[in-house]
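Asker: Sharing entry_22.cif, mmCIF, C-alpha atoms:
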```
data_upload
#
loop_
_atom_site.label_atom_id
_atom_site.label_comp_id
_atom_site.auth_asym_id
_atom_site.auth_seq_id
_atom_site.Cartn_x
_atom_site.Cartn_y
_atom_site.Cartn_z
CA MET A 2 -42.59 27.69 -0.80
CA ARG A 3 -40.47 30.44 -2.35
CA LEU A 4 -38.69 30.93 0.98
CA ILE A 5 -37.85 27.20 1.19
CA LEU A 6 -36.43 27.19 -2.34
CA CYS A 7 -34.30 30.22 -1.54
CA LEU A 8 -32.93 28.55 1.57
CA ILE A 9 -32.06 25.37 -0.36
CA LEU A 10 -30.34 27.43 -3.05
CA LEU A 11 -28.38 29.40 -0.44
CA ILE A 12 -27.18 26.21 1.29
CA SER A 13 -26.11 24.73 -2.05
CA LEU A 14 -24.17 27.85 -3.01
CA ASN A 15 -22.40 27.93 0.36
CA SER A 16 -21.38 24.26 0.10
CA PHE A 17 -19.98 24.71 -3.42
CA ALA A 18 -18.17 27.91 -2.42
CA GLN A 19 -15.64 25.92 -0.38
CA TRP A 20 -14.37 24.16 -3.52
CA LYS A 21 -11.95 25.66 -6.04
CA ASP A 22 -13.02 23.01 -8.56
CA TYR A 23 -15.35 20.00 -8.64
CA THR A 24 -17.40 17.75 -10.93
CA ILE A 25 -21.06 16.85 -10.72
CA SER A 26 -21.79 13.19 -11.57
CA VAL A 27 -24.84 12.01 -13.50
CA ARG A 28 -26.39 11.11 -10.13
CA GLY A 29 -25.83 14.60 -8.78
CA ASP A 30 -22.87 13.69 -6.54
CA THR A 31 -20.03 16.17 -6.10
CA LEU A 32 -16.80 14.47 -7.26
CA ASN A 33 -13.17 15.39 -7.90
CA ARG A 34 -13.22 18.22 -5.38
CA VAL A 35 -10.29 20.58 -5.07
CA ASP A 36 -10.36 22.85 -2.03
CA LEU A 37 -9.34 26.48 -1.90
CA LYS A 38 -5.76 25.44 -1.05
CA GLY A 39 -5.53 23.33 -4.21
CA LYS A 40 -5.74 19.98 -2.42
CA LYS A 41 -7.87 17.04 -3.56
CA GLN A 42 -10.61 16.13 -1.10
CA GLY A 43 -13.36 13.52 -0.90
CA PRO A 44 -14.50 11.03 -3.57
CA TRP A 45 -12.61 11.02 -6.84
CA VAL A 46 -12.84 9.23 -10.18
CA VAL A 47 -9.64 9.24 -12.25
CA SER A 48 -9.59 8.22 -15.93
CA VAL A 49 -6.34 7.35 -17.72
CA PRO A 50 -6.54 6.70 -21.50
CA ASP A 51 -4.51 4.18 -23.50
CA LEU A 52 -1.07 5.62 -24.16
CA ARG A 53 1.90 4.27 -26.17
CA GLY A 54 0.82 0.66 -25.85
CA GLU A 55 -0.06 0.93 -22.15
CA ARG A 56 -3.64 0.07 -21.31
CA GLY A 57 -5.77 2.80 -19.86
CA TYR A 58 -7.92 2.44 -16.75
CA ASP A 59 -10.42 4.13 -14.46
CA GLU A 60 -9.96 4.26 -10.71
CA GLU A 61 -12.15 5.48 -7.90
CA GLY A 62 -11.51 6.19 -4.26
CA TYR A 63 -11.14 8.90 -1.64
CA PHE A 64 -8.62 11.72 -1.19
CA GLU A 65 -7.81 13.34 2.12
CA ASN A 66 -5.64 16.44 1.93
CA ASP A 67 -4.31 15.48 -1.51
CA LEU A 68 -3.41 11.92 -0.38
CA LYS A 69 -5.18 8.67 -1.24
CA GLU A 70 -6.96 7.20 1.78
CA GLY A 71 -8.81 3.92 2.28
CA LEU A 72 -9.92 1.55 -0.48
CA TRP A 73 -9.25 2.40 -4.12
CA LYS A 74 -10.57 0.28 -6.99
CA ARG A 75 -9.17 0.21 -10.51
CA TYR A 76 -11.04 -0.95 -13.61
CA SER A 77 -10.11 -1.57 -17.20
CA LEU A 78 -11.74 0.69 -19.76
CA GLN A 79 -14.05 -2.25 -20.44
CA GLY A 80 -15.27 -2.18 -16.82
CA ILE A 81 -13.32 -5.22 -15.49
CA LYS A 82 -11.89 -4.80 -11.99
CA ILE A 83 -8.11 -5.17 -12.14
CA ALA A 84 -7.00 -3.91 -8.71
CA GLU A 85 -8.09 -3.19 -5.14
CA GLU A 86 -5.59 -1.14 -3.16
CA ASN A 87 -5.73 0.14 0.42
CA TYR A 88 -4.01 3.39 1.35
CA ARG A 89 -3.09 5.35 4.42
CA TRP A 90 -1.30 8.70 4.29
CA GLY A 91 -1.13 8.25 0.51
CA LYS A 92 0.84 5.00 0.77
CA PHE A 93 -0.02 1.32 0.50
CA ASN A 94 -1.37 -0.05 3.77
CA GLY A 95 -2.91 -3.46 4.37
CA ARG A 96 -4.00 -5.83 1.61
CA CYS A 97 -3.81 -5.04 -2.09
CA ASN A 98 -5.30 -7.43 -4.66
CA TYR A 99 -4.52 -7.54 -8.38
CA PHE A 100 -6.52 -9.29 -11.09
CA THR A 101 -6.06 -10.25 -14.73
CA TYR A 102 -8.09 -8.61 -17.48
CA ASN A 103 -10.20 -11.77 -17.46
CA GLY A 104 -11.09 -11.24 -13.80
CA GLY A 105 -8.89 -13.94 -12.21
CA LEU A 106 -7.01 -13.17 -8.98
CA LEU A 107 -3.34 -12.78 -9.79
CA ARG A 108 -1.63 -11.57 -6.60
CA GLU A 109 -2.28 -10.61 -2.97
CA GLU A 110 0.13 -8.20 -1.30
CA ASN A 111 0.35 -6.90 2.28
CA TRP A 112 1.89 -3.56 3.18
CA ARG A 113 2.54 -1.41 6.24
CA ALA A 114 2.42 2.38 5.85
CA MET A 115 4.46 4.60 8.15
CA ASP A 116 3.08 7.75 9.75
CA PRO A 117 4.76 10.62 7.83
CA ALA A 118 4.59 12.83 10.92
CA ARG A 119 6.96 10.53 12.81
CA GLN A 120 10.65 9.93 12.19
CA TYR A 121 10.35 6.45 13.70
CA ASP A 122 7.36 4.14 13.94
CA THR A 123 6.51 1.12 16.09
CA VAL A 124 5.37 -2.00 14.26
CA PRO A 125 3.94 -5.22 15.79
CA VAL A 126 5.53 -8.48 14.65
CA PHE A 127 3.46 -11.66 14.68
CA ASP A 128 4.51 -15.30 14.56
CA ILE A 129 4.78 -16.61 11.00
CA LYS A 130 3.04 -19.88 11.81
CA ASP A 131 0.49 -18.30 14.16
CA PRO A 132 -0.53 -14.80 12.94
CA SER A 133 -2.57 -14.24 16.11
CA LYS A 134 0.55 -14.53 18.31
CA LEU A 135 2.42 -11.26 18.91
CA ILE A 136 6.12 -11.99 19.31
CA ASP A 137 7.65 -8.51 19.38
CA MET A 138 7.26 -4.77 18.86
CA VAL A 139 10.01 -3.17 16.82
CA VAL A 140 10.94 0.43 16.11
CA VAL A 141 11.90 1.27 12.53
CA LYS A 142 13.10 4.41 10.82
CA ASN A 143 10.52 6.04 8.57
CA GLU A 144 11.93 6.06 5.04
CA GLY A 145 8.84 7.68 3.51
CA VAL A 146 7.52 4.59 1.70
CA SER A 147 5.37 1.63 2.68
CA MET A 148 7.05 -1.58 3.77
CA LYS A 149 6.22 -5.09 2.62
CA HIS A 150 4.86 -6.66 5.80
CA GLY A 151 2.87 -9.89 5.90
CA THR A 152 2.02 -12.65 3.43
CA TRP A 153 2.18 -12.26 -0.34
CA ASN A 154 0.35 -14.88 -2.39
CA TYR A 155 0.75 -15.47 -6.12
CA TYR A 156 -2.08 -17.27 -7.91
CA ASP A 157 -2.72 -19.26 -11.04
CA PRO A 158 -5.55 -17.00 -12.27
CA ALA A 159 -7.11 -19.77 -14.35
CA GLU A 160 -7.25 -22.36 -11.57
CA GLY A 161 -7.56 -19.96 -8.63
CA VAL A 162 -4.89 -21.79 -6.61
CA ILE A 163 -1.82 -20.39 -4.87
CA ILE A 164 1.38 -21.21 -6.75
CA GLN A 165 3.83 -19.27 -4.58
CA THR A 166 3.84 -17.68 -1.14
CA GLU A 167 6.28 -15.19 0.34
CA LYS A 168 6.33 -13.79 3.86
CA TYR A 169 7.78 -10.38 4.64
CA ARG A 170 8.66 -8.63 7.86
CA LEU A 171 9.38 -4.92 7.50
CA ASN A 172 10.59 -5.24 3.89
CA LYS A 173 12.65 -8.36 4.64
CA LEU A 174 11.87 -11.76 3.16
CA VAL A 175 11.36 -14.35 5.91
CA THR A 176 12.61 -17.91 5.33
CA ASP A 177 10.92 -21.04 6.63
CA ASP A 178 13.46 -21.00 9.46
CA GLY A 179 12.48 -17.47 10.47
CA GLU A 180 15.66 -15.89 9.09
CA LEU A 181 15.42 -12.44 7.50
CA LEU A 182 16.98 -12.01 4.06
CA ALA A 183 18.55 -8.83 2.67
CA ASP A 184 19.15 -7.17 6.04
CA ASP A 185 20.39 -3.60 5.66
CA GLU A 186 22.43 -1.53 8.08
CA LEU A 187 19.34 -0.09 9.79
CA LYS A 188 18.02 -3.17 11.51
CA PRO A 189 14.75 -2.81 13.46
CA ILE A 190 15.44 -2.00 17.10
CA GLY A 191 13.61 -4.27 19.53
CA ILE A 192 11.78 -2.33 22.25
CA ARG A 193 13.11 -4.75 24.81
CA ASN A 194 16.62 -4.16 23.48
CA THR A 195 18.15 -1.29 25.45
CA LYS A 196 21.22 -0.84 23.22
CA ALA A 197 21.76 2.64 21.85
CA ALA A 198 21.06 3.36 18.22
CA SER A 199 24.78 3.74 17.59
CA ASP A 200 25.17 0.00 18.26
CA THR A 201 23.10 -0.81 15.17
CA THR A 202 24.64 1.64 12.71
CA GLY A 203 28.00 2.07 11.09
CA LYS A 204 28.77 -1.63 11.05
CA LYS A 205 31.12 -3.01 8.46
CA ALA A 206 29.78 -5.35 5.80
CA MET A 207 29.56 -8.91 7.07
CA THR A 208 29.56 -12.21 5.28
CA LYS A 209 26.17 -13.81 4.73
CA PRO A 210 24.91 -16.07 7.54
CA GLN A 211 24.77 -19.78 6.78
CA ALA A 212 20.94 -19.68 6.86
CA ILE A 213 20.91 -17.22 3.96
CA LEU A 214 23.45 -19.26 1.98
CA ASP A 215 21.35 -22.39 2.51
CA TYR A 216 18.23 -20.53 1.38
CA GLU A 217 19.91 -19.21 -1.77
CA LYS A 218 21.24 -22.66 -2.62
CA LYS A 219 17.78 -24.21 -2.08
CA ASN A 220 16.07 -21.63 -4.28
CA SER A 221 18.71 -21.21 -6.98
CA GLY A 222 17.29 -21.54 -10.45
CA LYS A 223 13.74 -20.72 -9.37
CA LYS A 224 11.94 -17.96 -11.18
CA LYS A 225 12.14 -14.75 -9.23
CA VAL A 226 9.08 -12.56 -8.85
CA LYS A 227 9.53 -8.83 -9.29
CA VAL A 228 8.36 -6.80 -6.32
CA ARG A 229 8.11 -3.10 -5.64
CA ASP A 230 8.31 -0.66 -2.82
CA GLY A 231 5.32 1.18 -1.43
CA SER A 232 5.91 4.48 -3.16
CA THR A 233 2.77 5.67 -4.98
CA GLY A 234 4.07 8.92 -6.38
CA HIS A 235 1.98 11.09 -3.99
#
```
Can the structure from this file be put into structure tokens for me?

Answerer:
Amino acid sequence: MRLILCLILLISLNSFAQWKDYTISVRGDTLNRVDLKGKKQGPWVVSVPDLRGERGYDEEGYFENDLKEGLWKRYSLQGIKIAEENYRWGKFNGRCNYFTYNGGLLREENWRAMDPARQYDTVPVFDIKDPSKLIDMVVVKNEGVSMKHGTWNYYDPAEGVIIQTEKYRLNKLVTDDGELLADDELKPIGIRNTKAASDTTGKKAMTKPQAILDYEKKNSGKKKVKVRDGSTGH
């Protein structure tokens, strides 16, 4: 029996020796691990107190090499879930849901993270009216942040109904006619398009297409919803 206890103790000491810092939860789980290189690893619980009028919160999720990975959940200090965010490479990826402090769904976002190891990334583009239909594969430059990509829904949290929907393709708002708004100089390069990269850069500023002017006229006066990029500060 003494030999078994010694072996268990030895295994425990060896497992803890790989961590520079860690926390033991009330259930005996090892949390908030920092490896010998100073990087966060594994399951974490982060607590942020109220500060200067900003509400505090608790969040829990998983770190991989100091970057958030997978599903992270955020709760108010009263234990109400206020956010569910998905990460890849420390950036938003996939669906993120946000809730009011009363528990009602407020907003659904969709993001596409870019592989930080690649200067360019290939992204599938699906039909707006038929999400199961692949219409193109485009190559985009990796700017180091996530891109709004997919459907964003805004809800009336009291009624639970959608009050506004926006569709994005690689950070560009898509109109009902399939036009992309706010095109920048670095347009996505279609794989089937064999033009050199120089053909899509260095262009002079052009006047807005008629489709964009029609869209702006149609939506003038409507309340604009603030959006954000996919930078998470990691």

Asker: Quick one: of A:Arg108, A:Lys40, A:Lys69, A:Arg56, who's nearest to A:Tyr155, counting all atoms listed in the file?

Answerer: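 Answer, going by the shortest atom-to-atom distance: A:Arg108.
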
Asker: If you apply the PyMOL selection byres ((chain A and resi 42-48) around 12) to this file, what residues do you get, as a PyMOL selection string?

Answerer: chain A and resi 19-26+30-41+49-51+56-78+80

Asker: Write the residues of the selection above to a file with C-alpha atoms, as a CSV table (one decimal), in the frame of the given file.

Answerer:
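Final file, result16.csv:
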```csv
chain,number,residue,atom,x,y,z
A,19,GLN,CA,-15.6,25.9,-0.4
A,20,TRP,CA,-14.4,24.2,-3.5
A,21,LYS,CA,-12.0,25.7,-6.0
A,22,ASP,CA,-13.0,23.0,-8.6
A,23,TYR,CA,-15.4,20.0,-8.6
A,24,THR,CA,-17.4,17.8,-10.9
A,25,ILE,CA,-21.1,16.8,-10.7
A,26,SER,CA,-21.8,13.2,-11.6
A,30,ASP,CA,-22.9,13.7,-6.5
A,31,THR,CA,-20.0,16.2,-6.1
A,32,LEU,CA,-16.8,14.5,-7.3
A,33,ASN,CA,-13.2,15.4,-7.9
A,34,ARG,CA,-13.2,18.2,-5.4
A,35,VAL,CA,-10.3,20.6,-5.1
A,36,ASP,CA,-10.4,22.8,-2.0
A,37,LEU,CA,-9.3,26.5,-1.9
A,38,LYS,CA,-5.8,25.4,-1.0
A,39,GLY,CA,-5.5,23.3,-4.2
A,40,LYS,CA,-5.7,20.0,-2.4
A,41,LYS,CA,-7.9,17.0,-3.6
A,49,VAL,CA,-6.3,7.4,-17.7
A,50,PRO,CA,-6.5,6.7,-21.5
A,51,ASP,CA,-4.5,4.2,-23.5
A,56,ARG,CA,-3.6,0.1,-21.3
A,57,GLY,CA,-5.8,2.8,-19.9
A,58,TYR,CA,-7.9,2.4,-16.8
A,59,ASP,CA,-10.4,4.1,-14.5
A,60,GLU,CA,-10.0,4.3,-10.7
A,61,GLU,CA,-12.2,5.5,-7.9
A,62,GLY,CA,-11.5,6.2,-4.3
A,63,TYR,CA,-11.1,8.9,-1.6
A,64,PHE,CA,-8.6,11.7,-1.2
A,65,GLU,CA,-7.8,13.3,2.1
A,66,ASN,CA,-5.6,16.4,1.9
A,67,ASP,CA,-4.3,15.5,-1.5
A,68,LEU,CA,-3.4,11.9,-0.4
A,69,LYS,CA,-5.2,8.7,-1.2
A,70,GLU,CA,-7.0,7.2,1.8
A,71,GLY,CA,-8.8,3.9,2.3
A,72,LEU,CA,-9.9,1.6,-0.5
A,73,TRP,CA,-9.2,2.4,-4.1
A,74,LYS,CA,-10.6,0.3,-7.0
A,75,ARG,CA,-9.2,0.2,-10.5
A,76,TYR,CA,-11.0,-1.0,-13.6
A,77,SER,CA,-10.1,-1.6,-17.2
A,78,LEU,CA,-11.7,0.7,-19.8
A,80,GLY,CA,-15.3,-2.2,-16.8
```

Asker: Could you tell me how far atom CA of A:Ser133 lies from atom CA of A:Cys97, in Å and to one decimal?

Answerer: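 Computing it gives 20.4 Å between the two atoms.
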
Asker: Enter the distance from atom CA of A:Val126 to atom CA of A:Asn172, in Å, rounded to one decimal.

Answerer: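 According to the coordinates, atom CA of A:Val126 and atom CA of A:Asn172 are separated by 12.3 Å.
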
Asker: What is the atom CA of A:Lys92-atom CA of A:Asp122 distance in Å, reported with one decimal?

Answerer: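 According to the coordinates, atom CA of A:Lys92 and atom CA of A:Asp122 are separated by 14.7 Å.
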
Asker: Using all atoms listed in the file, determine which residues lie at most 12 Å from A:Lys130, disregarding the query and same-chain residues fewer than 6 positions distant; provide the list as an mmCIF file with C-alpha atoms, in the coordinates of the input.

Answerer:
```cif
data_model
loop_
_atom_site.group_PDB
_atom_site.id
_atom_site.type_symbol
_atom_site.label_atom_id
_atom_site.label_comp_id
_atom_site.auth_asym_id
_atom_site.auth_seq_id
_atom_site.Cartn_x
_atom_site.Cartn_y
_atom_site.Cartn_z
ATOM 1 C CA ILE A 136 6.120 -11.990 19.310
ATOM 2 C CA GLY A 151 2.870 -9.890 5.900
ATOM 3 C CA THR A 152 2.020 -12.650 3.430
ATOM 4 C CA LYS A 168 6.330 -13.790 3.860
ATOM 5 C CA VAL A 175 11.360 -14.350 5.910
ATOM 6 C CA THR A 176 12.610 -17.910 5.330
ATOM 7 C CA ASP A 177 10.920 -21.040 6.630
ATOM 8 C CA ASP A 178 13.460 -21.000 9.460
ATOM 9 C CA GLY A 179 12.480 -17.470 10.470
#
```

Asker: Between A:Asn98, A:Gly91, A:Gly105, A:Gln120, which has the minimum distance to A:Asn154 (counting only C-alpha atoms)?

Answerer: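 Answer, going by the shortest atom-to-atom distance: A:Asn98.
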
Asker: Which polymer residues have any atom within 12 Å of an atom of A:Ala118, counting all atoms listed in the file, with same-chain residues fewer than 2 positions away left out, as an MDAnalysis selection string?

Answerer: chainID A and resid 90 114:116 120:122 142:145

Asker: Do you know which residues the PyMOL selection byres ((chain A and resi 163) around 10) returns on this file, as an mmCIF file with C-alpha atoms, in the frame of the given file?

Answerer:
```cif
data_model
loop_
_atom_site.group_PDB
_atom_site.id
_atom_site.type_symbol
_atom_site.label_atom_id
_atom_site.label_comp_id
_atom_site.auth_asym_id
_atom_site.auth_seq_id
_atom_site.Cartn_x
_atom_site.Cartn_y
_atom_site.Cartn_z
ATOM 1 C CA LEU A 106 -7.010 -13.170 -8.980
ATOM 2 C CA LEU A 107 -3.340 -12.780 -9.790
ATOM 3 C CA ARG A 108 -1.630 -11.570 -6.600
ATOM 4 C CA GLU A 109 -2.280 -10.610 -2.970
ATOM 5 C CA ASN A 154 0.350 -14.880 -2.390
ATOM 6 C CA TYR A 155 0.750 -15.470 -6.120
ATOM 7 C CA TYR A 156 -2.080 -17.270 -7.910
ATOM 8 C CA ASP A 157 -2.720 -19.260 -11.040
ATOM 9 C CA PRO A 158 -5.550 -17.000 -12.270
ATOM 10 C CA GLU A 160 -7.250 -22.360 -11.570
ATOM 11 C CA GLY A 161 -7.560 -19.960 -8.630
ATOM 12 C CA VAL A 162 -4.890 -21.790 -6.610
ATOM 13 C CA ILE A 164 1.380 -21.210 -6.750
ATOM 14 C CA GLN A 165 3.830 -19.270 -4.580
ATOM 15 C CA THR A 166 3.840 -17.680 -1.140
#
```

Asker: Give the centre and edge lengths of an axis-aligned box, in Å to one decimal, that holds all listed atoms of stretch 117-124 of chain A with 3 Å on each side, as lines of an AutoDock Vina configuration file.

Answerer:
```
center_x = 7.6
center_y = 5.4
center_z = 12.0
size_x = 12.1
size_y = 20.8
size_z = 14.3
```

Asker: For A:Leu174, which residue among A:Val27, A:Val139, A:Ile129, A:Val146 is the nearest when counting only C-alpha atoms?

Answerer: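 When distances to A:Leu174 are compared using only C-alpha atoms, the smallest one comes from A:Ile129.
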
Asker: Counting only C-alpha atoms, find the residues whose atoms lie at most 7 Å from (-2.8, -4.2, 8.0) (file coordinates) and write them out as an mmCIF file with C-alpha atoms, keeping the file's coordinate frame.

Answerer:
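So part26.cif came out as:
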```
data_model
loop_
_atom_site.group_PDB
_atom_site.id
_atom_site.type_symbol
_atom_site.label_atom_id
_atom_site.label_comp_id
_atom_site.auth_asym_id
_atom_site.auth_seq_id
_atom_site.Cartn_x
_atom_site.Cartn_y
_atom_site.Cartn_z
ATOM 1 C CA ASN A 94 -1.370 -0.050 3.770
ATOM 2 C CA GLY A 95 -2.910 -3.460 4.370
ATOM 3 C CA ARG A 96 -4.000 -5.830 1.610
ATOM 4 C CA TRP A 112 1.890 -3.560 3.180
ATOM 5 C CA ARG A 113 2.540 -1.410 6.240
#
```

Asker: Between A:Glu85, A:Ser147, A:Leu52, A:Lys134, which one has atoms that come closest to A:Pro117, using all atoms listed in the file?

Answerer: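 The answer is A:Ser147, which sits nearest to A:Pro117.
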